[in-house]
There are 2 protein chains.
Amino acid sequence: MSKSDGIPGPAVRRLSLYLRQLESLLGQGKRTVSSRELGEALSLTDAQVRKDLAYFGQFGHPGIGYRVDELTVRIRRILGTDREWNVALIGAGNLGRALLCYRGFAKKGFNVIAVFDTDKKIVGTKIDLQEGLTVLPMSKLSEVVRTQNIRLGILAVPATAARQVADELVEAGVQGILNFAPVTLKNMTCPVAAVDLTVHLEQLSFQLAGGDNT
Amino acid sequence: MSKSDGIPGPAVRRLSLYLRQLESLLGQGKRTVSSRELGEALSLTDAQVRKDLAYFGQFGHPGIGYRVDELTVRIRRILGTDREWNVALIGAGNLGRALLCYRGFAKKGFNVIAVFDTDKKIVGTKIDLQEGLTVLPMSKLSEVVRTQNIRLGILAVPATAARQVADELVEAGVQGILNFAPVTLKNMTCPVAAVDLTVHLEQLSFQLAGGDNT
DNA sequence: CTATGTGAACAGCTTCACAGCG
DNA sequence: CGCTGTGAAGCTGTTCACATAG
């Protein structure tokens with residue numbers, strides 16, 4: 001169906017890492033980079049880097065390597081981050097407010113331009129940051145998504161509310177969801193990326209516990 | 001070397017998801033669960049669930065399924081979350097403060113009991129939450145890690161400072177690091193788990209862009 | 001009859017090794 | 001030479017299918 005058929009998921013995930021590294025190299029003024037250098041910086045083999053990039057096209061120059069600026073542009077286009085994306089944040093609790101303050105999203109072209117919450121005590125308050133966004137009630141969701149051309153939603157609500165809100169987001173016309181709630185959203189009709197912060201800590205404690213228990 | 005040899009990494013990651021689901025089932029008062037039910041809730045096959053659990057022992061009861069309370073205890077022990085873990089947070093910027101307020105960590109037994117920052121304007125301030133932790137200077141790191149028995153560190157500092165701080169954490173005696181900075185920490189002598197929030201958004205935009213670019 | 005645990009088949013991802021280009 | 005792009009080999013993880021237990 002789409003061109004992304006046959007491309008390993010892991011390769012796509014690494015594409016983001018390559019881009020991150022390339023941006024860093026650009027800052028250092030490096031003009032070209034080999035698959036070995038790129039791999040070394042990310043703890044990958046050179047073959048892995050070449051194969052990953054080759055899934056998406058022929059970006060390299062034999063004998064030279066990859067031109068940093070060129071490859072940056074190419075990967076941005078592939079990831080879709082050569083354009084800007086409007087994003088809605090649902091949930092203005094601790095985590096939600098933090099994500100709003102987090103600069104990293106905007107730097108990559110993901111603009112959180114609306115915030116929603118169900119809690120009547122929070123709705124109407126301003127979140128004091130640069131833009132000074134006012135927290136809106138969920139009833140405004142589909143209107144705002146449509147008029148503001150919002151395509152992505154970030155879910156920062158409690159686990160109990162997540163499923164319901166996720167459905168509302170899809171209903172409103174959002175095309176992708178980044179889910180911070182500790183629940184699996186199954187059978188969604190749009191792409192969902194999940195981030196469970198505690199899962200990562202558990203992976204660490206597993207490694208330290210060594211698995212040597214009965 | 002350790003018992004975890006031969007166990008696929010993905011299986012360990014899913015263990016966290018099984019635990020999450022089991023805790024939810026416990027709350028609903030469900031006594032037993034089959035591999036099919038568990039898999040369905042997480043969008044996995046029943047075979048996957050059985051094989052994953054079988055890596056760690058024989059927890060099931062043929063004809064019955066898995067006893068929810070029993071399996072919960074078992075997985076907690078395997079993941080090392082049957083004990084409490086003391087955690088240090090480095091970086092009291094927006095993201096750091098948010099993580100401190102985030103309830104999820106404590107619920108799983110990860111107690112953030114100390115906060116550090118390099119910025120002299122932040123050091124000494126109290127972060128107004130339940131415990132009211134005071135932000136400490138980095139110079140206190142190794143002393144506090146030792147006296148407070150801190151084993152994990154959460155890195156919420158800018159990319160430019162991450163490597164340096166990571167080394168200081170290891171030096172201070174921390175045994176595992178959860179890295180929120182958008183850099184790859186290579187050649188670390190302790191386990192590192194990485195969370196890059198923008199990477200997940202890029203995965204979504206890739207799927208929506210469809211990869212159909214030149 | 002239901003549901004686990006598991007060897008065997010299969011699929012997917014990574015690494016190797018080398019042809020080919022600058 | 002140096003370095004990419006790529007079939008082929010190798011490895012890891014997933015699914016199948018069935019023997020086994022309650």
# chains A, B, ... in the order shown; residues from 1 in each chain; ligands from 1
>>> interface_residues(of="chain C", to="chain B", cutoff="6 Å", atoms="only C-alpha atoms (C1' of nucleotides)", output="ChimeraX atom specification")
/C:2-4
>>> write_last_selection(atoms="all heavy atoms", output="PDB file, in the first residue's frame")
ATOM      1  P    DT C   2     -13.650 -26.101  25.406  1.00  0.00           P
ATOM      2  OP1  DT C   2     -14.699 -25.088  25.274  1.00  0.00           O
ATOM      3  OP2  DT C   2     -12.864 -26.564  24.241  1.00  0.00           O
ATOM      4  O5'  DT C   2     -12.607 -25.593  26.509  1.00  0.00           O
ATOM      5  C5'  DT C   2     -13.001 -25.394  27.861  1.00  0.00           C
ATOM      6  C4'  DT C   2     -11.766 -25.007  28.647  1.00  0.00           C
ATOM      7  O4'  DT C   2     -10.888 -26.162  28.759  1.00  0.00           O
ATOM      8  C3'  DT C   2     -10.950 -23.923  27.949  1.00  0.00           C
ATOM      9  O3'  DT C   2     -10.507 -22.985  28.912  1.00  0.00           O
ATOM     10  C2'  DT C   2      -9.789 -24.670  27.340  1.00  0.00           C
ATOM     11  C1'  DT C   2      -9.592 -25.815  28.334  1.00  0.00           C
ATOM     12  N1   DT C   2      -8.959 -27.039  27.765  1.00  0.00           N
ATOM     13  C2   DT C   2      -7.972 -27.684  28.490  1.00  0.00           C
ATOM     14  O2   DT C   2      -7.592 -27.304  29.577  1.00  0.00           O
ATOM     15  N3   DT C   2      -7.454 -28.790  27.873  1.00  0.00           N
ATOM     16  C4   DT C   2      -7.801 -29.308  26.644  1.00  0.00           C
ATOM     17  O4   DT C   2      -7.259 -30.317  26.196  1.00  0.00           O
ATOM     18  C5   DT C   2      -8.838 -28.583  25.941  1.00  0.00           C
ATOM     19  C7   DT C   2      -9.313 -29.056  24.591  1.00  0.00           C
ATOM     20  C6   DT C   2      -9.365 -27.492  26.530  1.00  0.00           C
ATOM     21  P    DA C   3      -9.899 -21.605  28.401  1.00  0.00           P
ATOM     22  OP1  DA C   3     -10.438 -20.536  29.248  1.00  0.00           O
ATOM     23  OP2  DA C   3     -10.011 -21.532  26.934  1.00  0.00           O
ATOM     24  O5'  DA C   3      -8.360 -21.811  28.718  1.00  0.00           O
ATOM     25  C5'  DA C   3      -7.934 -22.015  30.056  1.00  0.00           C
ATOM     26  C4'  DA C   3      -6.492 -22.441  30.001  1.00  0.00           C
ATOM     27  O4'  DA C   3      -6.413 -23.766  29.438  1.00  0.00           O
ATOM     28  C3'  DA C   3      -5.625 -21.546  29.115  1.00  0.00           C
ATOM     29  O3'  DA C   3      -4.457 -21.162  29.801  1.00  0.00           O
ATOM     30  C2'  DA C   3      -5.315 -22.405  27.928  1.00  0.00           C
ATOM     31  C1'  DA C   3      -5.308 -23.791  28.561  1.00  0.00           C
ATOM     32  N9   DA C   3      -5.485 -24.839  27.560  1.00  0.00           N
ATOM     33  C8   DA C   3      -6.317 -24.836  26.474  1.00  0.00           C
ATOM     34  N7   DA C   3      -6.210 -25.900  25.717  1.00  0.00           N
ATOM     35  C5   DA C   3      -5.232 -26.649  26.339  1.00  0.00           C
ATOM     36  C6   DA C   3      -4.655 -27.885  26.037  1.00  0.00           C
ATOM     37  N6   DA C   3      -4.982 -28.597  24.981  1.00  0.00           N
ATOM     38  N1   DA C   3      -3.699 -28.350  26.875  1.00  0.00           N
ATOM     39  C2   DA C   3      -3.361 -27.622  27.943  1.00  0.00           C
ATOM     40  N3   DA C   3      -3.839 -26.453  28.334  1.00  0.00           N
ATOM     41  C4   DA C   3      -4.781 -26.010  27.480  1.00  0.00           C
ATOM     42  P    DT C   4      -3.289 -20.327  29.121  1.00  0.00           P
ATOM     43  OP1  DT C   4      -3.255 -19.059  29.870  1.00  0.00           O
ATOM     44  OP2  DT C   4      -3.404 -20.305  27.668  1.00  0.00           O
ATOM     45  O5'  DT C   4      -2.025 -21.183  29.544  1.00  0.00           O
ATOM     46  C5'  DT C   4      -1.858 -21.531  30.911  1.00  0.00           C
ATOM     47  C4'  DT C   4      -0.890 -22.685  31.031  1.00  0.00           C
ATOM     48  O4'  DT C   4      -1.309 -23.749  30.165  1.00  0.00           O
ATOM     49  C3'  DT C   4       0.543 -22.335  30.622  1.00  0.00           C
ATOM     50  O3'  DT C   4       1.445 -22.821  31.611  1.00  0.00           O
ATOM     51  C2'  DT C   4       0.742 -23.025  29.280  1.00  0.00           C
ATOM     52  C1'  DT C   4      -0.229 -24.182  29.365  1.00  0.00           C
ATOM     53  N1   DT C   4      -0.761 -24.613  28.047  1.00  0.00           N
ATOM     54  C2   DT C   4      -0.439 -25.861  27.559  1.00  0.00           C
ATOM     55  O2   DT C   4       0.278 -26.639  28.155  1.00  0.00           O
ATOM     56  N3   DT C   4      -0.989 -26.153  26.330  1.00  0.00           N
ATOM     57  C4   DT C   4      -1.816 -25.345  25.562  1.00  0.00           C
ATOM     58  O4   DT C   4      -2.256 -25.729  24.481  1.00  0.00           O
ATOM     59  C5   DT C   4      -2.113 -24.064  26.132  1.00  0.00           C
ATOM     60  C7   DT C   4      -2.999 -23.115  25.394  1.00  0.00           C
ATOM     61  C6   DT C   4      -1.586 -23.752  27.331  1.00  0.00           C
TER      62       DT C   4
END
>>> calpha_fit_and_write(fixed="chain B", moving="chain A", output="mmCIF file with C-alpha atoms, in the first residue's frame")
data_model
loop_
_atom_site.group_PDB
_atom_site.id
_atom_site.type_symbol
_atom_site.label_atom_id
_atom_site.label_comp_id
_atom_site.auth_asym_id
_atom_site.auth_seq_id
_atom_site.Cartn_x
_atom_site.Cartn_y
_atom_site.Cartn_z
ATOM 1 C CA MET A 1 26.985 -14.768 33.125
ATOM 2 C CA SER A 2 23.577 -13.731 34.414
ATOM 3 C CA LYS A 3 20.358 -15.670 34.225
ATOM 4 C CA SER A 4 19.014 -13.140 31.754
ATOM 5 C CA ASP A 5 21.202 -14.651 29.010
ATOM 6 C CA GLY A 6 19.098 -16.098 26.238
ATOM 7 C CA ILE A 7 16.048 -14.047 27.145
ATOM 8 C CA PRO A 8 14.988 -11.754 24.297
ATOM 9 C CA GLY A 9 15.071 -8.078 25.162
ATOM 10 C CA PRO A 10 11.561 -7.590 23.761
ATOM 11 C CA ALA A 11 10.262 -10.218 26.187
ATOM 12 C CA VAL A 12 11.619 -8.252 29.128
ATOM 13 C CA ARG A 13 10.025 -5.072 27.853
ATOM 14 C CA ARG A 14 6.677 -6.808 27.555
ATOM 15 C CA LEU A 15 6.992 -8.083 31.098
ATOM 16 C CA SER A 16 6.348 -4.521 32.244
ATOM 17 C CA LEU A 17 3.198 -4.435 30.151
ATOM 18 C CA TYR A 18 1.955 -7.724 31.565
ATOM 19 C CA LEU A 19 2.488 -6.384 35.050
ATOM 20 C CA ARG A 20 0.589 -3.215 34.249
ATOM 21 C CA GLN A 21 -2.328 -5.203 32.904
ATOM 22 C CA LEU A 22 -2.294 -7.603 35.847
ATOM 23 C CA GLU A 23 -2.438 -4.706 38.287
ATOM 24 C CA SER A 24 -5.458 -3.435 36.439
ATOM 25 C CA LEU A 25 -7.084 -6.884 36.573
ATOM 26 C CA LEU A 26 -6.355 -7.125 40.290
ATOM 27 C CA GLY A 27 -8.219 -3.844 40.739
ATOM 28 C CA GLN A 28 -11.178 -5.359 38.906
ATOM 29 C CA GLY A 29 -11.096 -8.338 41.232
ATOM 30 C CA LYS A 30 -10.288 -10.856 38.513
ATOM 31 C CA ARG A 31 -8.674 -13.984 40.024
ATOM 32 C CA THR A 32 -7.288 -15.703 36.966
ATOM 33 C CA VAL A 33 -6.424 -14.802 33.392
ATOM 34 C CA SER A 34 -5.569 -16.823 30.284
ATOM 35 C CA SER A 35 -2.749 -16.067 27.870
ATOM 36 C CA ARG A 36 -5.358 -15.213 25.283
ATOM 37 C CA GLU A 37 -7.110 -12.650 27.447
ATOM 38 C CA LEU A 38 -3.839 -11.104 28.497
ATOM 39 C CA GLY A 39 -2.648 -10.966 24.916
ATOM 40 C CA GLU A 40 -5.880 -9.497 23.643
ATOM 41 C CA ALA A 41 -5.677 -6.622 26.100
ATOM 42 C CA LEU A 42 -2.192 -5.780 24.867
ATOM 43 C CA SER A 43 -2.585 -6.592 21.171
ATOM 44 C CA LEU A 44 -0.359 -9.661 21.357
ATOM 45 C CA THR A 45 -0.917 -13.305 20.434
ATOM 46 C CA ASP A 46 -1.577 -15.879 23.136
ATOM 47 C CA ALA A 47 1.527 -17.803 22.081
ATOM 48 C CA GLN A 48 3.635 -14.698 22.565
ATOM 49 C CA VAL A 49 2.370 -14.244 26.089
ATOM 50 C CA ARG A 50 2.977 -17.875 27.045
ATOM 51 C CA LYS A 51 6.465 -17.945 25.577
ATOM 52 C CA ASP A 52 7.438 -14.684 27.226
ATOM 53 C CA LEU A 53 6.350 -15.884 30.645
ATOM 54 C CA ALA A 54 7.919 -19.299 30.123
ATOM 55 C CA TYR A 55 11.342 -17.655 29.756
ATOM 56 C CA PHE A 56 11.155 -16.827 33.432
ATOM 57 C CA GLY A 57 9.524 -19.912 34.890
ATOM 58 C CA GLN A 58 6.363 -21.996 34.960
ATOM 59 C CA PHE A 59 3.735 -19.666 36.278
ATOM 60 C CA GLY A 60 0.623 -21.014 34.611
ATOM 61 C CA HIS A 61 -1.896 -23.698 35.513
ATOM 62 C CA PRO A 62 -3.065 -25.869 32.592
ATOM 63 C CA GLY A 63 -6.795 -25.715 32.156
ATOM 64 C CA ILE A 64 -6.988 -22.636 34.412
ATOM 65 C CA GLY A 65 -4.648 -19.951 33.146
ATOM 66 C CA TYR A 66 -2.515 -17.705 35.346
ATOM 67 C CA ARG A 67 -3.532 -16.672 38.837
ATOM 68 C CA VAL A 68 -3.484 -12.887 38.781
ATOM 69 C CA ASP A 69 -2.103 -12.316 42.266
ATOM 70 C CA GLU A 70 0.521 -15.010 41.924
ATOM 71 C CA LEU A 71 1.773 -13.814 38.559
ATOM 72 C CA THR A 72 1.852 -10.219 39.752
ATOM 73 C CA VAL A 73 4.154 -11.137 42.606
ATOM 74 C CA ARG A 74 6.366 -13.232 40.342
ATOM 75 C CA ILE A 75 6.814 -10.543 37.721
ATOM 76 C CA ARG A 76 7.483 -7.878 40.328
ATOM 77 C CA ARG A 77 10.237 -10.048 41.722
ATOM 78 C CA ILE A 78 11.711 -10.627 38.286
ATOM 79 C CA LEU A 79 11.678 -6.933 37.430
ATOM 80 C CA GLY A 80 13.115 -6.073 40.816
ATOM 81 C CA THR A 81 10.133 -3.892 41.708
ATOM 82 C CA ASP A 82 9.260 -5.948 44.765
ATOM 83 C CA ARG A 83 11.743 -3.727 46.574
ATOM 84 C CA GLU A 84 11.907 0.078 46.628
ATOM 85 C CA TRP A 85 14.519 1.972 44.647
ATOM 86 C CA ASN A 86 16.006 5.290 45.626
ATOM 87 C CA VAL A 87 16.460 7.630 42.703
ATOM 88 C CA ALA A 88 18.277 10.908 42.118
ATOM 89 C CA LEU A 89 17.030 13.423 39.607
ATOM 90 C CA ILE A 90 19.577 15.601 37.853
ATOM 91 C CA GLY A 91 18.235 18.739 36.247
ATOM 92 C CA ALA A 92 15.481 20.819 37.811
ATOM 93 C CA GLY A 93 14.370 22.570 34.634
ATOM 94 C CA ASN A 94 10.893 22.217 33.219
ATOM 95 C CA LEU A 95 11.162 18.567 32.426
ATOM 96 C CA GLY A 96 12.903 17.718 35.673
ATOM 97 C CA ARG A 97 10.306 19.464 37.825
ATOM 98 C CA ALA A 98 7.540 17.715 35.944
ATOM 99 C CA LEU A 99 9.077 14.309 36.461
ATOM 100 C CA LEU A 100 9.342 15.093 40.142
ATOM 101 C CA CYS A 101 5.634 15.830 40.304
ATOM 102 C CA TYR A 102 4.799 12.757 38.294
ATOM 103 C CA ARG A 103 3.121 10.238 40.582
ATOM 104 C CA GLY A 104 3.764 7.171 38.442
ATOM 105 C CA PHE A 105 7.325 6.612 39.644
ATOM 106 C CA ALA A 106 6.518 6.435 43.343
ATOM 107 C CA LYS A 107 3.545 4.166 42.667
ATOM 108 C CA LYS A 108 5.958 1.599 41.249
ATOM 109 C CA GLY A 109 8.428 1.902 44.099
ATOM 110 C CA PHE A 110 10.839 4.345 42.497
ATOM 111 C CA ASN A 111 11.358 7.117 45.027
ATOM 112 C CA VAL A 112 12.994 10.296 43.814
ATOM 113 C CA ILE A 113 14.616 11.407 47.057
ATOM 114 C CA ALA A 114 17.143 13.974 45.828
ATOM 115 C CA VAL A 115 17.337 16.631 43.128
ATOM 116 C CA PHE A 116 20.478 18.224 41.748
ATOM 117 C CA ASP A 117 21.248 21.029 39.334
ATOM 118 C CA THR A 118 24.292 22.952 38.157
ATOM 119 C CA ASP A 119 22.470 26.272 37.859
ATOM 120 C CA LYS A 120 23.273 28.397 40.912
ATOM 121 C CA LYS A 121 19.997 30.256 40.525
ATOM 122 C CA ILE A 122 18.069 27.030 41.052
ATOM 123 C CA VAL A 123 20.225 25.358 43.712
ATOM 124 C CA GLY A 124 18.790 25.905 47.172
ATOM 125 C CA THR A 125 15.227 26.483 45.997
ATOM 126 C CA LYS A 126 12.513 24.156 47.187
ATOM 127 C CA ILE A 127 10.381 22.315 44.712
ATOM 128 C CA ASP A 128 6.940 22.702 46.192
ATOM 129 C CA LEU A 129 5.496 19.241 46.293
ATOM 130 C CA GLN A 130 4.642 16.788 49.043
ATOM 131 C CA GLU A 131 8.187 16.197 50.259
ATOM 132 C CA GLY A 132 9.416 19.686 49.436
ATOM 133 C CA LEU A 133 12.829 18.658 48.177
ATOM 134 C CA THR A 134 15.590 21.253 48.096
ATOM 135 C CA VAL A 135 17.668 21.388 44.918
ATOM 136 C CA LEU A 136 21.258 20.475 45.721
ATOM 137 C CA PRO A 137 24.500 21.434 43.940
ATOM 138 C CA MET A 138 26.320 18.759 41.955
ATOM 139 C CA SER A 139 29.168 18.875 44.455
ATOM 140 C CA LYS A 140 26.950 17.019 46.921
ATOM 141 C CA LEU A 141 26.169 14.236 44.482
ATOM 142 C CA SER A 142 28.509 11.457 45.528
ATOM 143 C CA GLU A 143 27.980 12.087 49.228
ATOM 144 C CA VAL A 144 24.193 11.938 48.921
ATOM 145 C CA VAL A 145 24.249 8.924 46.613
ATOM 146 C CA ARG A 146 26.299 7.052 49.170
ATOM 147 C CA THR A 147 24.513 8.052 52.348
ATOM 148 C CA GLN A 148 21.008 7.770 50.884
ATOM 149 C CA ASN A 149 21.632 4.518 49.073
ATOM 150 C CA ILE A 150 20.645 5.897 45.684
ATOM 151 C CA ARG A 151 20.974 3.362 42.885
ATOM 152 C CA LEU A 152 19.305 5.013 39.896
ATOM 153 C CA GLY A 153 19.690 8.408 38.276
ATOM 154 C CA ILE A 154 17.284 10.279 36.030
ATOM 155 C CA LEU A 155 19.014 12.615 33.617
ATOM 156 C CA ALA A 156 16.890 15.640 32.682
ATOM 157 C CA VAL A 157 19.606 18.066 31.628
ATOM 158 C CA PRO A 158 20.324 19.713 28.253
ATOM 159 C CA ALA A 159 22.018 17.592 25.603
ATOM 160 C CA THR A 160 25.273 19.514 25.968
ATOM 161 C CA ALA A 161 25.622 18.641 29.648
ATOM 162 C CA ALA A 162 24.338 15.077 29.490
ATOM 163 C CA ARG A 163 27.591 13.214 28.892
ATOM 164 C CA GLN A 164 29.444 15.016 31.651
ATOM 165 C CA VAL A 165 26.659 14.531 34.175
ATOM 166 C CA ALA A 166 26.240 10.881 33.213
ATOM 167 C CA ASP A 167 29.896 10.272 33.989
ATOM 168 C CA GLU A 168 29.522 12.048 37.312
ATOM 169 C CA LEU A 169 26.567 9.839 38.175
ATOM 170 C CA VAL A 170 28.546 6.677 37.517
ATOM 171 C CA GLU A 171 31.481 8.076 39.425
ATOM 172 C CA ALA A 172 29.185 8.781 42.354
ATOM 173 C CA GLY A 173 28.084 5.159 42.385
ATOM 174 C CA VAL A 174 24.775 5.190 40.577
ATOM 175 C CA GLN A 175 24.071 1.829 38.927
ATOM 176 C CA GLY A 176 21.565 2.713 36.228
ATOM 177 C CA ILE A 177 20.560 5.832 34.284
ATOM 178 C CA LEU A 178 17.297 6.914 32.684
ATOM 179 C CA ASN A 179 18.339 9.442 30.059
ATOM 180 C CA PHE A 180 15.903 12.076 28.804
ATOM 181 C CA ALA A 181 18.568 14.127 27.043
ATOM 182 C CA PRO A 182 18.533 13.830 23.252
ATOM 183 C CA VAL A 183 21.972 12.270 22.957
ATOM 184 C CA THR A 184 23.239 8.719 22.819
ATOM 185 C CA LEU A 185 25.420 7.900 25.821
ATOM 186 C CA LYS A 186 27.902 5.399 24.454
ATOM 187 C CA ASN A 187 30.397 3.248 26.289
ATOM 188 C CA MET A 188 28.713 3.713 29.626
ATOM 189 C CA THR A 189 29.732 1.242 32.296
ATOM 190 C CA CYS A 190 26.206 0.973 33.680
ATOM 191 C CA PRO A 191 22.832 0.171 32.072
ATOM 192 C CA VAL A 192 21.224 3.160 30.387
ATOM 193 C CA ALA A 193 17.622 3.512 29.225
ATOM 194 C CA ALA A 194 16.913 6.332 26.799
ATOM 195 C CA VAL A 195 13.704 8.287 26.332
ATOM 196 C CA ASP A 196 13.648 10.860 23.560
ATOM 197 C CA LEU A 197 10.233 12.449 23.430
ATOM 198 C CA THR A 198 10.626 13.984 19.990
ATOM 199 C CA VAL A 199 11.647 10.674 18.435
ATOM 200 C CA HIS A 200 8.181 9.303 19.091
ATOM 201 C CA LEU A 201 6.490 12.258 17.433
ATOM 202 C CA GLU A 202 8.759 11.802 14.439
ATOM 203 C CA GLN A 203 7.632 8.198 14.154
ATOM 204 C CA LEU A 204 4.059 9.430 13.954
ATOM 205 C CA SER A 205 4.776 12.089 11.364
ATOM 206 C CA PHE A 206 6.646 9.497 9.323
ATOM 207 C CA GLN A 207 3.632 7.232 9.289
ATOM 208 C CA LEU A 208 1.356 10.074 8.284
ATOM 209 C CA ALA A 209 3.726 11.397 5.645
ATOM 210 C CA GLY A 210 3.640 7.799 4.399
ATOM 211 C CA GLY A 211 7.271 7.772 3.429
ATOM 212 C CA ASP A 212 6.185 8.710 -0.085
ATOM 213 C CA ASN A 213 8.751 11.428 -0.665
ATOM 214 C CA THR A 214 11.846 11.507 -2.862
#
>>> atom_distance(atom1="C1' of DA8 in chain C", atom2="C1' of DC11 in chain D")
16.4 Å
>>> closest_atom_pairs(of="chain D", to="chain A", cutoff="9 Å", atoms="only C-alpha atoms (C1' of nucleotides)", output="tab-separated table")
residue	atom	partner	partner_atom	distance
D:DC1	C1'	A:Gly63	CA	8.7
D:DG2	C1'	A:Gly63	CA	4.6
D:DC3	C1'	A:Gly63	CA	4.3
D:DT4	C1'	A:Pro62	CA	4.6
D:DG5	C1'	A:Ala54	CA	7.0
D:DT6	C1'	A:Lys51	CA	8.3
>>> write_last_selection(atoms="N, CA, C and O atoms (P, O5', C5', C4', C3', O3' and C1' of nucleotides)", output="PDB file, in the first residue's frame")
ATOM      1  P    DC D   1      47.320   1.065  -1.448  1.00  0.00           P
ATOM      2  O5'  DC D   1      45.960   0.813  -0.764  1.00  0.00           O
ATOM      3  C5'  DC D   1      44.666   1.146  -1.180  1.00  0.00           C
ATOM      4  C4'  DC D   1      44.277   2.547  -0.849  1.00  0.00           C
ATOM      5  C3'  DC D   1      43.137   2.586   0.132  1.00  0.00           C
ATOM      6  O3'  DC D   1      43.378   3.587   1.119  1.00  0.00           O
ATOM      7  C1'  DC D   1      42.455   3.503  -1.984  1.00  0.00           C
ATOM      8  P    DG D   2      42.385   3.577   2.347  1.00  0.00           P
ATOM      9  O5'  DG D   2      41.087   4.371   1.856  1.00  0.00           O
ATOM     10  C5'  DG D   2      41.079   5.774   1.685  1.00  0.00           C
ATOM     11  C4'  DG D   2      39.637   6.240   1.639  1.00  0.00           C
ATOM     12  C3'  DG D   2      38.799   5.685   2.784  1.00  0.00           C
ATOM     13  O3'  DG D   2      37.881   6.697   3.167  1.00  0.00           O
ATOM     14  C1'  DG D   2      37.972   4.857   0.721  1.00  0.00           C
ATOM     15  P    DC D   3      36.898   6.449   4.341  1.00  0.00           P
ATOM     16  O5'  DC D   3      35.580   6.070   3.554  1.00  0.00           O
ATOM     17  C5'  DC D   3      34.919   7.037   2.748  1.00  0.00           C
ATOM     18  C4'  DC D   3      33.758   6.357   2.098  1.00  0.00           C
ATOM     19  C3'  DC D   3      32.885   5.567   3.078  1.00  0.00           C
ATOM     20  O3'  DC D   3      31.540   5.964   2.950  1.00  0.00           O
ATOM     21  C1'  DC D   3      33.437   4.264   1.197  1.00  0.00           C
ATOM     22  P    DT D   4      30.338   5.340   3.669  1.00  0.00           P
ATOM     23  O5'  DT D   4      29.351   5.019   2.471  1.00  0.00           O
ATOM     24  C5'  DT D   4      29.089   6.025   1.498  1.00  0.00           C
ATOM     25  C4'  DT D   4      28.520   5.384   0.235  1.00  0.00           C
ATOM     26  C3'  DT D   4      27.187   4.678   0.440  1.00  0.00           C
ATOM     27  O3'  DT D   4      26.304   5.040  -0.620  1.00  0.00           O
ATOM     28  C1'  DT D   4      28.789   3.162  -0.465  1.00  0.00           C
ATOM     29  P    DG D   5      24.758   4.769  -0.481  1.00  0.00           P
ATOM     30  O5'  DG D   5      24.654   3.343  -1.174  1.00  0.00           O
ATOM     31  C5'  DG D   5      24.763   3.245  -2.572  1.00  0.00           C
ATOM     32  C4'  DG D   5      24.560   1.798  -2.993  1.00  0.00           C
ATOM     33  C3'  DG D   5      23.252   1.161  -2.526  1.00  0.00           C
ATOM     34  O3'  DG D   5      22.769   0.405  -3.633  1.00  0.00           O
ATOM     35  C1'  DG D   5      25.083  -0.133  -1.767  1.00  0.00           C
ATOM     36  P    DT D   6      21.467  -0.454  -3.580  1.00  0.00           P
ATOM     37  O5'  DT D   6      22.031  -1.913  -3.291  1.00  0.00           O
ATOM     38  C5'  DT D   6      22.744  -2.628  -4.276  1.00  0.00           C
ATOM     39  C4'  DT D   6      23.016  -4.024  -3.755  1.00  0.00           C
ATOM     40  C3'  DT D   6      21.804  -4.696  -3.116  1.00  0.00           C
ATOM     41  O3'  DT D   6      21.768  -6.044  -3.546  1.00  0.00           O
ATOM     42  C1'  DT D   6      23.598  -4.799  -1.654  1.00  0.00           C
TER      43       DT D   6
END
>>> select_by_dssp(residues="range 30-89 of chain B", states="alpha helix (DSSP H)", output="PyMOL selection string")
chain B and resi 35-42+46-54+68-79
>>> select_by_dssp(residues="range 7-125 of chain A", states="strand (DSSP E)", output="ChimeraX atom specification")
/A:32-33,66-67,85-90,110-117
